file query34.csv (CSV, C-alpha atoms and all ligand atoms)
chain,number,residue,atom,x,y,z
A,1,MET,CA,0.0,0.0,0.0
A,2,ILE,CA,1.3,3.4,-0.9
A,3,ALA,CA,0.6,6.1,1.6
A,4,LYS,CA,-0.8,9.3,0.0
A,5,TYR,CA,-0.1,11.8,2.8
A,6,LEU,CA,2.6,12.7,5.2
A,7,ILE,CA,1.7,15.8,7.1
A,8,ALA,CA,4.0,17.6,9.4
A,9,ASN,CA,2.3,19.4,12.3
A,10,TRP,CA,4.9,21.7,13.7
A,11,LYS,CA,2.5,23.1,16.3
A,12,MET,CA,4.1,25.9,18.3
A,13,GLN,CA,7.5,24.1,18.5
A,14,LEU,CA,9.6,26.0,16.0
A,15,ASP,CA,10.1,29.8,15.7
A,16,GLN,CA,10.2,31.4,12.3
A,17,ASP,CA,14.0,31.0,12.0
A,18,GLN,CA,13.9,27.3,12.9
A,19,ALA,CA,10.9,26.7,10.6
A,20,PHE,CA,12.8,28.4,7.7
A,21,ARG,CA,15.8,26.2,8.3
A,22,GLN,CA,13.9,23.0,8.6
A,23,ALA,CA,11.8,23.7,5.5
A,24,THR,CA,15.0,24.6,3.5
A,25,GLU,CA,16.7,21.4,4.7
A,26,LEU,CA,13.8,19.2,3.9
A,27,LYS,CA,13.5,20.7,0.4
A,28,ASN,CA,17.2,20.1,-0.2
A,29,LEU,CA,16.9,16.5,1.0
A,30,LEU,CA,13.9,15.9,-1.2
A,31,ASN,CA,15.5,17.4,-4.2
A,32,LYS,CA,18.1,14.7,-4.1
A,33,GLU,CA,15.6,11.9,-3.9
A,34,LYS,CA,13.1,10.3,-6.2
A,35,ILE,CA,9.9,10.4,-4.4
A,36,ASN,CA,6.7,8.7,-5.6
A,37,LYS,CA,4.6,11.4,-7.2
A,38,ASP,CA,1.5,10.1,-5.4
A,39,LEU,CA,2.8,11.1,-2.0
A,40,ASN,CA,1.7,14.5,-0.8
A,41,ILE,CA,4.2,15.9,1.6
A,42,ILE,CA,2.6,18.7,3.6
A,43,LEU,CA,4.2,21.1,6.1
A,44,CYS,CA,2.0,22.9,8.6
A,45,PRO,CA,4.1,25.6,10.3
A,46,ASP,CA,2.6,28.2,12.7
A,47,PHE,CA,0.8,31.2,11.1
A,48,ILE,CA,3.8,33.5,11.5
A,49,SER,CA,6.1,31.1,9.5
A,50,LEU,CA,3.6,30.3,6.7
A,51,ALA,CA,4.8,33.1,4.3
A,52,SER,CA,8.5,32.3,4.5
A,53,VAL,CA,7.9,28.5,4.3
A,54,ALA,CA,5.6,29.2,1.3
A,55,GLU,CA,8.5,31.0,-0.4
A,56,ILE,CA,11.0,28.2,0.3
A,57,ILE,CA,8.8,25.3,-0.9
A,58,LYS,CA,7.4,26.8,-4.1
A,59,ASP,CA,8.6,24.7,-7.0
A,60,SER,CA,9.3,21.8,-4.7
A,61,LYS,CA,7.5,18.6,-3.9
A,62,ILE,CA,6.3,20.0,-0.6
A,63,VAL,CA,2.9,21.8,-0.2
A,64,LEU,CA,1.7,24.0,2.5
A,65,GLY,CA,-0.9,23.5,5.2
A,66,ALA,CA,-2.1,25.6,8.2
A,67,GLN,CA,-2.7,24.4,11.7
A,68,ASP,CA,-6.1,26.2,12.1
A,69,VAL,CA,-8.3,28.8,10.5
A,70,PHE,CA,-11.3,30.9,11.4
A,71,TYR,CA,-14.6,30.2,9.7
A,72,GLU,CA,-15.7,33.8,9.0
A,73,LYS,CA,-14.5,35.5,5.8
A,74,LYS,CA,-13.4,38.8,7.4
A,75,GLY,CA,-14.3,41.1,10.3
A,76,ALA,CA,-13.7,42.1,13.8
A,77,TYR,CA,-12.2,38.8,15.1
A,78,THR,CA,-9.1,39.8,17.0
A,79,GLY,CA,-6.3,37.2,16.8
A,80,GLU,CA,-8.0,35.0,14.1
A,81,VAL,CA,-6.7,34.2,10.6
A,82,SER,CA,-9.0,34.0,7.5
A,83,ILE,CA,-9.1,31.5,4.7
A,84,THR,CA,-8.5,34.4,2.2
A,85,SER,CA,-5.1,35.0,3.9
A,86,LEU,CA,-4.2,31.3,3.8
A,87,LYS,CA,-5.1,31.1,0.1
A,88,LYS,CA,-2.9,34.1,-0.7
A,89,LEU,CA,0.0,32.1,0.6
A,90,ALA,CA,-1.0,29.1,-1.6
A,91,CYS,CA,-2.0,27.0,1.4
A,92,GLU,CA,-3.8,23.9,0.2
A,93,TYR,CA,-4.6,22.1,3.5
A,94,VAL,CA,-5.9,23.2,6.9
A,95,ILE,CA,-5.9,21.1,10.1
A,96,VAL,CA,-9.2,21.4,11.7
A,97,GLY,CA,-10.3,20.3,15.2
A,98,HIS,CA,-6.9,19.1,16.4
A,99,SER,CA,-7.3,17.8,20.0
A,100,GLU,CA,-4.9,20.6,21.2
A,101,ARG,CA,-7.4,23.2,19.9
A,102,ARG,CA,-10.4,21.3,21.2
A,103,ALA,CA,-8.6,21.3,24.6
A,104,LEU,CA,-8.5,25.1,24.4
A,105,GLY,CA,-12.3,25.2,24.0
A,106,GLU,CA,-13.0,24.4,20.3
A,107,SER,CA,-16.4,22.7,20.2
A,108,ASP,CA,-17.7,20.1,17.7
A,109,GLU,CA,-19.8,23.0,16.2
A,110,MET,CA,-16.8,25.1,15.6
A,111,VAL,CA,-15.0,22.2,14.0
A,112,ASN,CA,-17.9,21.8,11.7
A,113,LYS,CA,-18.0,25.5,10.8
A,114,LYS,CA,-14.3,25.5,10.0
A,115,ALA,CA,-14.5,22.3,8.0
A,116,LYS,CA,-17.4,23.8,6.0
A,117,ALA,CA,-15.6,27.1,5.4
A,118,VAL,CA,-12.4,25.3,4.3
A,119,LEU,CA,-14.3,23.1,1.8
A,120,GLU,CA,-16.4,26.1,0.5
A,121,ASN,CA,-13.1,27.8,-0.3
A,122,ASN,CA,-11.7,24.7,-2.1
A,123,LEU,CA,-9.0,23.9,0.4
A,124,ILE,CA,-8.7,20.5,1.9
A,125,PRO,CA,-9.6,20.1,5.6
A,126,ILE,CA,-7.7,17.6,7.7
A,127,ILE,CA,-10.4,16.9,10.3
A,128,CYS,CA,-9.0,15.5,13.5
A,129,VAL,CA,-10.9,13.2,15.9
A,130,GLY,CA,-9.8,11.1,18.8
A,131,GLU,CA,-10.7,9.9,22.3
A,132,THR,CA,-9.0,10.7,25.6
A,133,LEU,CA,-7.3,8.0,27.7
A,134,ALA,CA,-10.2,8.1,30.2
A,135,GLU,CA,-12.7,7.6,27.4
A,136,TYR,CA,-10.6,4.8,25.9
A,137,LYS,CA,-10.3,3.0,29.2
A,138,ALA,CA,-14.0,3.3,29.8
A,139,GLY,CA,-14.7,1.7,26.4
A,140,LEU,CA,-16.2,4.9,25.0
A,141,SER,CA,-14.0,5.3,22.0
A,142,LYS,CA,-16.6,4.3,19.5
A,143,LYS,CA,-19.2,6.6,21.0
A,144,VAL,CA,-16.8,9.6,21.1
A,145,LEU,CA,-15.5,9.0,17.6
A,146,THR,CA,-19.0,8.6,16.2
A,147,ARG,CA,-20.1,11.8,17.8
A,148,GLN,CA,-17.1,13.8,16.7
A,149,VAL,CA,-17.4,12.5,13.1
A,150,SER,CA,-21.1,13.1,12.7
A,151,LYS,CA,-20.9,16.6,14.2
A,152,ALA,CA,-17.8,17.5,12.2
A,153,LEU,CA,-19.4,16.4,8.9
A,154,LYS,CA,-22.9,17.8,9.5
A,155,ASN,CA,-24.2,19.3,6.3
A,156,LEU,CA,-20.8,19.3,4.6
A,157,SER,CA,-20.8,19.2,0.8
A,158,ASN,CA,-19.4,16.0,-0.7
A,159,LYS,CA,-16.0,17.5,-1.5
A,160,PHE,CA,-12.7,15.7,-0.7
A,161,PHE,CA,-11.6,15.8,2.9
A,162,ILE,CA,-9.1,14.0,5.1
A,163,LEU,CA,-10.1,12.5,8.4
A,164,ALA,CA,-7.2,12.1,10.9
A,165,TYR,CA,-7.7,9.6,13.7
A,166,GLU,CA,-5.5,10.8,16.6
A,167,PRO,CA,-6.1,9.0,19.9
A,168,ILE,CA,-5.3,11.9,22.3
A,169,TRP,CA,-3.4,9.5,24.6
A,170,SER,CA,-1.1,8.4,21.8
A,171,ILE,CA,0.1,11.9,21.0
A,172,SER,CA,3.8,12.0,22.0
A,173,THR,CA,3.3,15.0,24.3
A,174,SER,CA,0.1,13.8,25.9
A,175,GLY,CA,2.1,12.5,28.9
A,176,SER,CA,0.2,9.1,29.0
A,177,GLY,CA,3.4,7.2,28.1
A,178,LYS,CA,1.2,5.0,25.9
A,179,VAL,CA,0.8,4.6,22.1
A,180,ILE,CA,-2.0,2.7,20.4
A,181,SER,CA,-0.8,-0.5,18.7
A,182,PRO,CA,-1.0,-0.4,14.9
A,183,ALA,CA,-3.4,-3.3,15.0
A,184,GLU,CA,-5.7,-1.4,17.3
A,185,ALA,CA,-5.4,1.8,15.3
A,186,ILE,CA,-6.4,-0.1,12.2
A,187,ALA,CA,-9.4,-1.6,14.1
A,188,GLN,CA,-10.5,1.8,15.4
A,189,ILE,CA,-10.2,3.3,11.9
A,190,GLU,CA,-12.5,0.5,10.6
A,191,ILE,CA,-15.1,1.7,13.2
A,192,LEU,CA,-14.5,5.3,12.2
A,193,LYS,CA,-14.9,4.6,8.6
A,194,LYS,CA,-18.3,2.9,9.3
A,195,SER,CA,-19.4,6.0,11.2
A,196,ILE,CA,-19.1,8.2,8.1
A,197,PRO,CA,-22.5,8.8,6.6
A,198,ALA,CA,-22.9,6.8,3.3
A,199,HIS,CA,-23.3,9.8,1.1
A,200,PHE,CA,-19.7,10.8,1.7
A,201,ASN,CA,-17.6,8.9,-0.8
A,202,ASN,CA,-14.7,11.3,-1.3
A,203,PHE,CA,-12.3,11.1,1.6
A,204,ASP,CA,-9.1,9.5,3.0
A,205,ILE,CA,-8.4,8.5,6.6
A,206,ILE,CA,-4.9,8.9,8.1
A,207,TYR,CA,-3.5,8.1,11.5
A,208,GLY,CA,-1.7,10.5,14.0
A,209,GLY,CA,0.0,9.9,17.3
A,210,SER,CA,3.7,9.2,18.0
A,211,VAL,CA,4.4,8.2,14.4
A,212,SER,CA,8.1,7.7,13.7
A,213,ALA,CA,10.4,6.0,11.1
A,214,GLN,CA,10.2,2.9,13.3
A,215,ASN,CA,6.4,2.5,13.2
A,216,ILE,CA,5.1,4.2,10.1
A,217,GLN,CA,5.1,1.1,8.0
A,218,ASP,CA,3.0,-0.8,10.5
A,219,PHE,CA,0.4,2.0,10.7
A,220,ILE,CA,0.1,2.3,6.9
A,221,SER,CA,-0.1,-1.5,6.4
A,222,SER,CA,-3.9,-1.2,6.2
A,223,PRO,CA,-5.4,0.0,3.0
A,224,ASN,CA,-7.7,2.1,5.2
A,225,ILE,CA,-4.8,4.2,6.5
A,226,ARG,CA,-3.6,6.5,3.7
A,227,GLY,CA,-0.9,8.3,5.6
A,228,ALA,CA,0.0,10.0,8.8
A,229,LEU,CA,-0.1,13.3,10.7
A,230,VAL,CA,3.3,13.7,12.4
A,231,GLY,CA,4.2,16.0,15.3
A,232,ASN,CA,7.4,15.5,17.1
A,233,ALA,CA,9.1,13.4,14.5
A,234,SER,CA,8.5,16.1,11.9
A,235,LEU,CA,10.4,18.8,13.7
A,236,VAL,CA,13.9,17.9,12.4
A,237,ALA,CA,14.1,17.7,8.6
A,238,LYS,CA,16.3,14.6,8.6
A,239,GLU,CA,14.0,12.7,10.9
A,240,PHE,CA,10.9,13.6,8.8
A,241,PHE,CA,12.8,12.7,5.7
A,242,SER,CA,13.6,9.3,7.2
A,243,ILE,CA,9.9,8.6,7.5
A,244,ILE,CA,9.3,9.6,3.9
A,245,LYS,CA,12.0,7.2,2.9
A,246,LYS,CA,10.4,4.4,4.9
A,247,ILE,CA,7.2,4.7,3.0
A,248,HIS,CA,8.8,5.4,-0.4
A,249,PRO,CA,12.0,3.4,-0.4
A,250,VAL,CA,14.2,4.7,-3.2
A,251,LYS,CA,14.9,1.9,-5.7
A,301,LIG,P1,3.0,13.5,17.7
A,301,LIG,O1,1.9,14.5,17.4
A,301,LIG,O2,3.5,12.9,16.4
A,301,LIG,O3,4.1,14.3,18.4
A,301,LIG,O4,2.4,12.4,18.6
A,301,LIG,C1,0.9,14.2,16.4
A,301,LIG,C2,-0.2,15.3,16.5
A,301,LIG,O5,-0.5,15.8,17.5
A,301,LIG,O6,-0.7,15.7,15.4

call {"tool": "encode", "arguments": {"input": "query34.csv", "output": "structure tokens"}}
result
Amino acid sequence: MIAKYLIANWKMQLDQDQAFRQATELKNLLNKEKINKDLNIILCPDFISLASVAEIIKDSKIVLGAQDVFYEKKGAYTGEVSITSLKKLACEYVIVGHSERRALGESDEMVNKKAKAVLENNLIPIICVGETLAEYKAGLSKKVLTRQVSKALKNLSNKFFILAYEPIWSISTSGSGKVISPAEAIAQIEILKKSIPAHFNNFDIIYGGSVSAQNIQDFISSPNIRGALVGNASLVAKEFFSIIKKIHPVK
């Protein structure tokens, strides 16, 4: 199985100089390699670094994504960033509903509004869902995932989207010390897939949470998992590149 997406979520881990350096290094590493053209390599720096990263990666194999967006077109929304601004930087993807944003108060309704706005503007939302450790332990994963999926997708047009399954407790910085096994992630994604209303037929599902060069092949061994959202292991260009090489070995 060939993965289609490898998405770097740099969160608030790199300042603009570091983002500039890592994007430049990744571009140089990729320039020397033959990468399968079906693999989409997406960098999601913080808002401040988007413009400089956009400049570095133009005419490269890398495309740009944002970590969040606001759903209104324009107006008195202090601190927010519009889709128009993202489009001007040639952003193609937007992470929506990451658990770290939900933890800061983003509701299912807001996730839905953001996903809708992203699709209406012809960008691709990467909609994140996932259960907490307590929910997982209580056997509530299915219930939580089904709720998050149905609310996020409510009244969405049938345009292409990416759904990222990220068990919160498997995220490297969650502090749980645990990571879901690839077999279990595959089983959960099976459940997730079934919870998507039948009229949606244009999406891919990816996995996120402590993905590394060591485990990426196991996570993408299922045809249902079309790639990964990578946090920590994407912060150093060489390390991210080693993941890319694992899924697309150079012949
Ligand atoms: P991680 O983060 O790879 O560091 O676990 C993934 C994410 O939060 O998207």

call {"tool": "closest_residue", "arguments": {"input": "query34.csv", "among": "A:Ile48, A:Val118, A:Ile57, A:Ile7", "to": "ligand LIG 301 (chain A)", "atoms": "all atoms listed in the file"}}
result
A:Ile7

call {"tool": "closest_residue", "arguments": {"input": "query34.csv", "among": "A:Phe161, A:Asn40, A:Ala213, A:Asn224", "to": "Ala183 in chain A", "atoms": "only C-alpha atoms"}}
result
A:Asn224

call {"tool": "atom_distance", "arguments": {"input": "query34.csv", "atom1": "atom O6 of ligand LIG 301 (chain A)", "atom2": "CA of Ser170 in chain A"}}
result
9.7 Å

call {"tool": "axis_aligned_box", "arguments": {"input": "query34.csv", "around": "ligand LIG 301 (chain A)", "padding_each_side": "4 Å", "output": "lines of an AutoDock Vina configuration file"}}
result
center_x = 1.7
center_y = 14.1
center_z = 17.0
size_x = 12.8
size_y = 11.4
size_z = 11.2

call {"tool": "atom_distance", "arguments": {"input": "query34.csv", "atom1": "CA of Ile83 in chain A", "atom2": "CA of Asp15 in chain A"}}
result
22.2 Å

call {"tool": "atom_distance", "arguments": {"input": "query34.csv", "atom1": "CA of Lys58 in chain A", "atom2": "CA of Ile220 in chain A"}}
result
27.8 Å

call {"tool": "residues_near_ligand", "arguments": {"input": "query34.csv", "ligand": "ligand LIG 301 (chain A)", "cutoff": "9 Å", "atoms": "all atoms listed in the file", "output": "PyMOL selection string"}}
result
chain A and resi 7-11+98-100+128+164+166+168-174+179+207-212+228-234

call {"tool": "closest_residue", "arguments": {"input": "query34.csv", "among": "A:Ile124, A:Ala66, A:Ile196, A:Ile95", "to": "Lys159 in chain A", "atoms": "all atoms listed in the file"}}
result
A:Ile124

call {"tool": "residues_around", "arguments": {"input": "query34.csv", "residues": "Asp17 in chain A", "least_positions_apart": "2", "cutoff": "12 Å", "atoms": "all atoms listed in the file", "output": "PyMOL selection string"}}
result
chain A and resi 13-15+19-24+45-46+48-50+52-53

call {"tool": "closest_residue", "arguments": {"input": "query34.csv", "among": "A:Glu135, A:Glu72, A:Glu80, A:Glu239", "to": "Lys116 in chain A", "atoms": "all atoms listed in the file"}}
result
A:Glu72

call {"tool": "closest_residue", "arguments": {"input": "query34.csv", "among": "A:Gly175, A:Met110, A:Ala187, A:Ser141", "to": "Lys154 in chain A", "atoms": "only C-alpha atoms"}}
result
A:Met110

call {"tool": "residues_near_point", "arguments": {"input": "query34.csv", "point": "(-18.4, 5.2, 13.6)", "cutoff": "10 Å", "atoms": "all atoms listed in the file", "output": "list in words"}}
result
Ser141, Lys142, Lys143, Val144, Leu145, Thr146, Arg147, Gln148, Val149, Ser150, Gln188, Ile189, Glu190, Ile191, Leu192, Lys193, Lys194, Ser195, Ile196 and Pro197 of chain A

call {"tool": "residues_around", "arguments": {"input": "query34.csv", "residues": "Phe70 in chain A", "least_positions_apart": "4", "cutoff": "12 Å", "atoms": "all atoms listed in the file", "output": "list in words"}}
result
Ala66, Lys74, Gly75, Ala76, Tyr77, Thr78, Gly79, Glu80, Val81, Ser82, Ile83, Thr84, Ser85, Leu86, Val94, Ile95, Val96, Gly97, Glu106, Met110, Val111, Asn112, Lys113, Lys114, Ala115, Lys116, Ala117 and Val118 of chain A

call {"tool": "closest_residue", "arguments": {"input": "query34.csv", "among": "A:Val236, A:Ile243, A:Ser157, A:Pro125", "to": "Leu26 in chain A", "atoms": "only C-alpha atoms"}}
result
A:Val236

call {"tool": "decode", "arguments": {"input": "query34.csv", "residues": "range 109-120 of chain A", "atoms": "N, CA, C and O atoms", "output": "PDB file, in the first residue's frame"}}
result
ATOM      1  N   GLU A 109     -19.140  22.030  17.129  1.00  0.00           N
ATOM      2  CA  GLU A 109     -19.830  22.960  16.218  1.00  0.00           C
ATOM      3  C   GLU A 109     -18.809  23.852  15.494  1.00  0.00           C
ATOM      4  O   GLU A 109     -18.949  24.128  14.307  1.00  0.00           O
ATOM      5  N   MET A 110     -17.816  24.315  16.239  1.00  0.00           N
ATOM      6  CA  MET A 110     -16.788  25.150  15.600  1.00  0.00           C
ATOM      7  C   MET A 110     -15.979  24.340  14.586  1.00  0.00           C
ATOM      8  O   MET A 110     -15.640  24.839  13.503  1.00  0.00           O
ATOM      9  N   VAL A 111     -15.696  23.116  14.937  1.00  0.00           N
ATOM     10  CA  VAL A 111     -14.953  22.242  14.018  1.00  0.00           C
ATOM     11  C   VAL A 111     -15.758  22.100  12.720  1.00  0.00           C
ATOM     12  O   VAL A 111     -15.215  22.202  11.608  1.00  0.00           O
ATOM     13  N   ASN A 112     -17.058  21.911  12.874  1.00  0.00           N
ATOM     14  CA  ASN A 112     -17.942  21.781  11.715  1.00  0.00           C
ATOM     15  C   ASN A 112     -17.936  23.054  10.858  1.00  0.00           C
ATOM     16  O   ASN A 112     -17.810  23.012   9.632  1.00  0.00           O
ATOM     17  N   LYS A 113     -18.026  24.211  11.515  1.00  0.00           N
ATOM     18  CA  LYS A 113     -18.027  25.482  10.772  1.00  0.00           C
ATOM     19  C   LYS A 113     -16.706  25.684  10.028  1.00  0.00           C
ATOM     20  O   LYS A 113     -16.679  26.166   8.901  1.00  0.00           O
ATOM     21  N   LYS A 114     -15.613  25.317  10.677  1.00  0.00           N
ATOM     22  CA  LYS A 114     -14.302  25.480  10.044  1.00  0.00           C
ATOM     23  C   LYS A 114     -14.169  24.523   8.855  1.00  0.00           C
ATOM     24  O   LYS A 114     -13.712  24.925   7.779  1.00  0.00           O
ATOM     25  N   ALA A 115     -14.575  23.276   9.051  1.00  0.00           N
ATOM     26  CA  ALA A 115     -14.477  22.297   7.951  1.00  0.00           C
ATOM     27  C   ALA A 115     -15.301  22.778   6.757  1.00  0.00           C
ATOM     28  O   ALA A 115     -14.857  22.722   5.607  1.00  0.00           O
ATOM     29  N   LYS A 116     -16.496  23.289   7.057  1.00  0.00           N
ATOM     30  CA  LYS A 116     -17.388  23.791   5.990  1.00  0.00           C
ATOM     31  C   LYS A 116     -16.729  24.946   5.241  1.00  0.00           C
ATOM     32  O   LYS A 116     -16.714  24.981   4.003  1.00  0.00           O
ATOM     33  N   ALA A 117     -16.193  25.896   5.995  1.00  0.00           N
ATOM     34  CA  ALA A 117     -15.574  27.069   5.372  1.00  0.00           C
ATOM     35  C   ALA A 117     -14.370  26.665   4.520  1.00  0.00           C
ATOM     36  O   ALA A 117     -14.168  27.195   3.425  1.00  0.00           O
ATOM     37  N   VAL A 118     -13.589  25.733   5.012  1.00  0.00           N
ATOM     38  CA  VAL A 118     -12.406  25.285   4.265  1.00  0.00           C
ATOM     39  C   VAL A 118     -12.838  24.651   2.940  1.00  0.00           C
ATOM     40  O   VAL A 118     -12.305  24.963   1.869  1.00  0.00           O
ATOM     41  N   LEU A 119     -13.849  23.797   3.004  1.00  0.00           N
ATOM     42  CA  LEU A 119     -14.320  23.137   1.784  1.00  0.00           C
ATOM     43  C   LEU A 119     -14.928  24.131   0.806  1.00  0.00           C
ATOM     44  O   LEU A 119     -14.689  24.057  -0.406  1.00  0.00           O
ATOM     45  N   GLU A 120     -15.728  25.068   1.339  1.00  0.00           N
ATOM     46  CA  GLU A 120     -16.359  26.060   0.453  1.00  0.00           C
ATOM     47  C   GLU A 120     -15.314  26.868  -0.305  1.00  0.00           C
ATOM     48  O   GLU A 120     -15.562  27.355  -1.397  1.00  0.00           O
TER      49      GLU A 120
END
